[in-house]
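Novice: My questions all concern the structure below.
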Amino acid sequence: MLKIRNLQAGYGKLKVLKNVSMHVDKGEIVTIIGANGAGKTTLLSTISGLLRAAAGEIAFEDRNLIALAPQKIPALGCVMIPEGRQIFASLSVEENLILGGHVLKKNGKQALRQQLDEQYALFPILRERREQYAGTLSGGEQQMLAMGRALMSQPSLIMMDEPSTGLAPLIVKDIFNVIVKMRDEGKTVLLVEQNAKAALQVADRGYVLETGKVVLQGTSPDLLEDADVKRAYLGKDYGEFYDGKA
């Protein structure tokens with residue numbers, strides 16, 4: 001579904017991504033873990049067109065994304081949920097969701113209404129809060145709104161940047177259960193997450209990014225048992241996180 005080859009990107013003279021290569025197959029949760037400054041957000045920004053690649057290839061469903069404007073990419077089925085949620089605080093919950101479904105306008109109001117109903121079914125609290133200003137929601141509710149807004153466009157690939165940031169552990173568990181449910185319902189997820197424990201316990205595969213380079217890759221069980229990953233990202237006793245209840 002997504003193939004990245006020898007990708008280079010950065011900011012001015014600062015080279016952040018250094019020949020990154022990876023792939024995401026349909027129906028997978030693939031996670032990218034790494035310390036702050038490793039290049040995780042830069043990678044998602046480059047895939048989504050917010051940052052222009054300096055070199056390399058990005059193919060989504062065999063379509064080259066390198067030359068596309070960022071506003072063109074969601075219509076292809078590739079969306080990003082940014083770090084910090086980036087909701088429209090002064091708009092209502094439902095208005096935020098409708099903005100996420102702008103690519104459905106050509107399909108008529110019925111298609112838009114159907115997507116709203118699907119997001120309300122996935123996140124019942126959003127139905128209760130649908131007329132409330134988005135900026136008054138709790139952090140967990142805002143994350144749910146950001147996820148629902150992204151799902152409104154019926155994407156096939158959802159990229160998520162640090163969804164656990166600033167959330168209480170119980171809310172994080174709920175968010176990751178929803179991520180698994182999305183995968184089980186046919187979505188594909190590329191998950192950037194500093195909480196390596198949480199990410200690897202829900203993902204199928206993972207990549208470890210350090211200073212802009214992929215230094216390790218493998219299945220999640222293999223990475224969870226890797227001595228270097230344990231030492232750098234999991235601690236001595238990482239325990240269990242995901243309860244399997246979506």
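We label chains A, B, ... in the order they appear in the structure tokens, count residues from 1 in each chain, and number ligands from 1 in the order shown.
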Using only C-alpha atoms, which protein or nucleic acid residues come within 7 Å of Val93 (chain A)? Drop anything in the same chain fewer than 5 positions from it, and give the result as a ChimeraX atom specification.

Specialist: /A:126,129-134

Novice: I'd like the neighbourhood of Leu190 (chain A) as a PyMOL selection string, where a residue qualifies if any of its atoms comes within 8 Å (using only C-alpha atoms), though same-chain residues fewer than 4 positions away should be ignored.

Specialist: chain A and resi 24+29-32+157-160

Novice: Go through A:Asp161, A:Glu118, A:Glu28, A:Asp226 one by one, measure the shortest atom-to-atom distance of each to Asn195 (chain A) using only C-alpha atoms, and give the residue with the smallest value.

Specialist: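 Closest candidate: A:Asp161.
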
Novice: Using only C-alpha atoms, which protein or nucleic acid residues come within 10 Å of Gly39 (chain A)? Drop anything in the same chain fewer than 6 positions from it, and give the result as a list in words.

Specialist: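 My list of contacting residues is Ala9, Gly10, Lys15, Val16, Leu17, Lys18, Ile32, Ile33, Ser45, Leu209, Glu210, Thr211, Gly212, Lys213 and Val214 of chain A.
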
Novice: For the residues selected in the previous step, produce a file with N, CA and C atoms as a JSON list (two decimals), in the first residue's frame.

Specialist:
```
[["chain", "number", "residue", "atom", "x", "y", "z"],
["A", 9, "ALA", "N", 14.75, 14.14, 3.62],
["A", 9, "ALA", "CA", 13.98, 15.37, 3.84],
["A", 9, "ALA", "C", 14.55, 16.10, 5.04],
["A", 10, "GLY", "N", 14.26, 17.38, 5.11],
["A", 10, "GLY", "CA", 14.74, 18.17, 6.23],
["A", 10, "GLY", "C", 14.23, 19.59, 6.16],
["A", 15, "LYS", "N", 19.47, 18.26, 7.36],
["A", 15, "LYS", "CA", 18.96, 17.00, 6.83],
["A", 15, "LYS", "C", 18.48, 16.14, 8.00],
["A", 16, "VAL", "N", 17.19, 15.78, 7.99],
["A", 16, "VAL", "CA", 16.60, 15.01, 9.08],
["A", 16, "VAL", "C", 16.45, 13.55, 8.70],
["A", 17, "LEU", "N", 15.81, 13.27, 7.57],
["A", 17, "LEU", "CA", 15.64, 11.90, 7.10],
["A", 17, "LEU", "C", 16.78, 11.55, 6.15],
["A", 18, "LYS", "N", 17.39, 10.42, 6.41],
["A", 18, "LYS", "CA", 18.60, 10.04, 5.67],
["A", 18, "LYS", "C", 18.41, 8.66, 5.04],
["A", 32, "ILE", "N", 6.23, 3.28, 14.14],
["A", 32, "ILE", "CA", 7.58, 3.84, 14.07],
["A", 32, "ILE", "C", 7.90, 4.39, 15.44],
["A", 33, "ILE", "N", 8.92, 3.86, 16.07],
["A", 33, "ILE", "CA", 9.30, 4.32, 17.39],
["A", 33, "ILE", "C", 10.68, 4.95, 17.34],
["A", 45, "SER", "N", 5.14, 14.11, 7.97],
["A", 45, "SER", "CA", 4.92, 15.37, 7.27],
["A", 45, "SER", "C", 5.34, 15.28, 5.81],
["A", 209, "LEU", "N", 13.54, 4.24, 14.48],
["A", 209, "LEU", "CA", 14.18, 5.36, 13.79],
["A", 209, "LEU", "C", 15.12, 6.07, 14.76],
["A", 210, "GLU", "N", 16.36, 6.23, 14.36],
["A", 210, "GLU", "CA", 17.34, 6.97, 15.16],
["A", 210, "GLU", "C", 18.10, 7.93, 14.27],
["A", 211, "THR", "N", 18.13, 9.18, 14.67],
["A", 211, "THR", "CA", 18.82, 10.25, 13.93],
["A", 211, "THR", "C", 18.54, 10.18, 12.43],
["A", 212, "GLY", "N", 17.28, 9.98, 12.09],
["A", 212, "GLY", "CA", 16.86, 10.01, 10.70],
["A", 212, "GLY", "C", 17.11, 8.76, 9.90],
["A", 213, "LYS", "N", 17.51, 7.68, 10.56],
["A", 213, "LYS", "CA", 17.79, 6.43, 9.85],
["A", 213, "LYS", "C", 17.02, 5.28, 10.49],
["A", 214, "VAL", "N", 16.58, 4.32, 9.66],
["A", 214, "VAL", "CA", 15.99, 3.09, 10.18],
["A", 214, "VAL", "C", 17.12, 2.19, 10.65]]
```

Novice: Mind checking which residues fall within 12 Å of Arg183 (chain A), counting only C-alpha atoms, ignoring those fewer than 3 positions away in the same chain, and posting them as a PyMOL selection string?

Specialist: chain A and resi 25-30+155-158+176-180+186-191+202-204+246

Novice: Using only C-alpha atoms, can you tell me which of A:Gln115, A:Ile125, A:Met152, A:Pro74 comes closest to Leu99 (chain A)?

Specialist: A:Met152

Novice: Of the candidates A:Val103, A:Leu137, A:Ala199, A:Ile47, which shows the shortest atom-to-atom distance to Leu2 (chain A), using only C-alpha atoms?

Specialist: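 The answer is A:Ile47, which sits nearest to Leu2 (chain A).
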
Novice: What does the distance from CA of Met147 (chain A) to CA of Thr42 (chain A) come to in Å, to one decimal?

Specialist: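 Computed distance, CA of Met147 (chain A) to CA of Thr42 (chain A), equals 20.0 Å.
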
Novice: Run DSSP on the backbone and give me the residues of region 162-241 of chain A it puts in helix (DSSP H, G or I), as JSON, numbers by chain.

Specialist: {"A": [169, 170, 171, 172, 173, 174, 175, 176, 177, 178, 179, 180, 181, 182, 183, 184, 196, 197, 198, 199, 200, 201, 202, 220, 221, 222, 223, 224, 225, 227, 228, 229, 230, 231, 232, 233, 234]}

Novice: Return as a list in words the full set of residues in region 46-108 of chain A whose backbone-based DSSP assignment is strand (DSSP E).

Specialist: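 Checking each residue of region 46-108 of chain A, the strand (DSSP E) ones are Ala55, Gly56, Glu57, Ile58, Ala59, Phe60, Arg63, Asn64, Cys78, Val79, Met80 and Ile81 of chain A.
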
Novice: Export N, CA and C atoms of the chosen residues as a PDB file, in the first residue's frame?

Specialist:
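The resulting file, again19.pdb, is reproduced below:
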```pdb
ATOM      1  N   ALA A  55      14.838  14.016  -1.751  1.00  0.00           N
ATOM      2  CA  ALA A  55      15.169  12.913  -2.654  1.00  0.00           C
ATOM      3  C   ALA A  55      14.404  11.681  -2.198  1.00  0.00           C
ATOM      4  N   GLY A  56      14.335  10.688  -3.077  1.00  0.00           N
ATOM      5  CA  GLY A  56      13.685   9.437  -2.736  1.00  0.00           C
ATOM      6  C   GLY A  56      12.316   9.277  -3.371  1.00  0.00           C
ATOM      7  N   GLU A  57      11.621   8.222  -2.957  1.00  0.00           N
ATOM      8  CA  GLU A  57      10.325   7.888  -3.537  1.00  0.00           C
ATOM      9  C   GLU A  57       9.298   7.615  -2.444  1.00  0.00           C
ATOM     10  N   ILE A  58       8.078   8.084  -2.672  1.00  0.00           N
ATOM     11  CA  ILE A  58       6.935   7.752  -1.821  1.00  0.00           C
ATOM     12  C   ILE A  58       5.804   7.312  -2.748  1.00  0.00           C
ATOM     13  N   ALA A  59       5.422   6.052  -2.659  1.00  0.00           N
ATOM     14  CA  ALA A  59       4.348   5.526  -3.504  1.00  0.00           C
ATOM     15  C   ALA A  59       3.205   5.056  -2.612  1.00  0.00           C
ATOM     16  N   PHE A  60       2.013   5.585  -2.867  1.00  0.00           N
ATOM     17  CA  PHE A  60       0.813   5.158  -2.153  1.00  0.00           C
ATOM     18  C   PHE A  60      -0.150   4.578  -3.169  1.00  0.00           C
ATOM     19  N   ARG A  63       0.742   5.238  -6.576  1.00  0.00           N
ATOM     20  CA  ARG A  63       0.691   6.630  -7.007  1.00  0.00           C
ATOM     21  C   ARG A  63       1.830   7.393  -6.349  1.00  0.00           C
ATOM     22  N   ASN A  64       2.612   8.107  -7.137  1.00  0.00           N
ATOM     23  CA  ASN A  64       3.734   8.871  -6.611  1.00  0.00           C
ATOM     24  C   ASN A  64       3.221  10.109  -5.878  1.00  0.00           C
ATOM     25  N   CYS A  78      -5.288   8.774   1.890  1.00  0.00           N
ATOM     26  CA  CYS A  78      -4.172   8.826   2.842  1.00  0.00           C
ATOM     27  C   CYS A  78      -4.329  10.076   3.703  1.00  0.00           C
ATOM     28  N   VAL A  79      -4.589   9.908   4.999  1.00  0.00           N
ATOM     29  CA  VAL A  79      -4.814  11.056   5.878  1.00  0.00           C
ATOM     30  C   VAL A  79      -3.890  10.977   7.086  1.00  0.00           C
ATOM     31  N   MET A  80      -3.640  12.129   7.700  1.00  0.00           N
ATOM     32  CA  MET A  80      -2.795  12.183   8.885  1.00  0.00           C
ATOM     33  C   MET A  80      -3.544  12.841  10.035  1.00  0.00           C
ATOM     34  N   ILE A  81      -3.398  12.258  11.223  1.00  0.00           N
ATOM     35  CA  ILE A  81      -3.881  12.864  12.456  1.00  0.00           C
ATOM     36  C   ILE A  81      -2.657  13.447  13.142  1.00  0.00           C
TER      37      ILE A  81
END
```

Novice: So which residues touch Pro221 (chain A) within 8 Å, counting only C-alpha atoms, skipping near sequence neighbours fewer than 2 positions away, as a PyMOL selection string?

Specialist: chain A and resi 200-201+219+223-225

Novice: Show which residues sit within 8 Å of Pro70 (chain A), as a PyMOL selection string. Count only C-alpha atoms, and ignore same-chain residues fewer than 2 positions away.

Specialist: chain A and resi 48-50+68+72-74

Novice: Rank A:Lys197, A:Arg205, A:Arg127, A:Arg149 by their smallest atom-to-atom distance to Lys230 (chain A), using only C-alpha atoms, and report the top residue only.

Specialist: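 Checking each of A:Lys197, A:Arg205, A:Arg127, A:Arg149 against Lys230 (chain A), counting only C-alpha atoms, the winner is A:Lys197.
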
Novice: From the options A:Pro124, A:Pro163, A:Gly101, A:Pro82, which residue's atoms come nearest to Gly140 (chain A), counting only C-alpha atoms?

Specialist: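 Using only C-alpha atoms, the shortest distance to Gly140 (chain A) belongs to A:Pro163.
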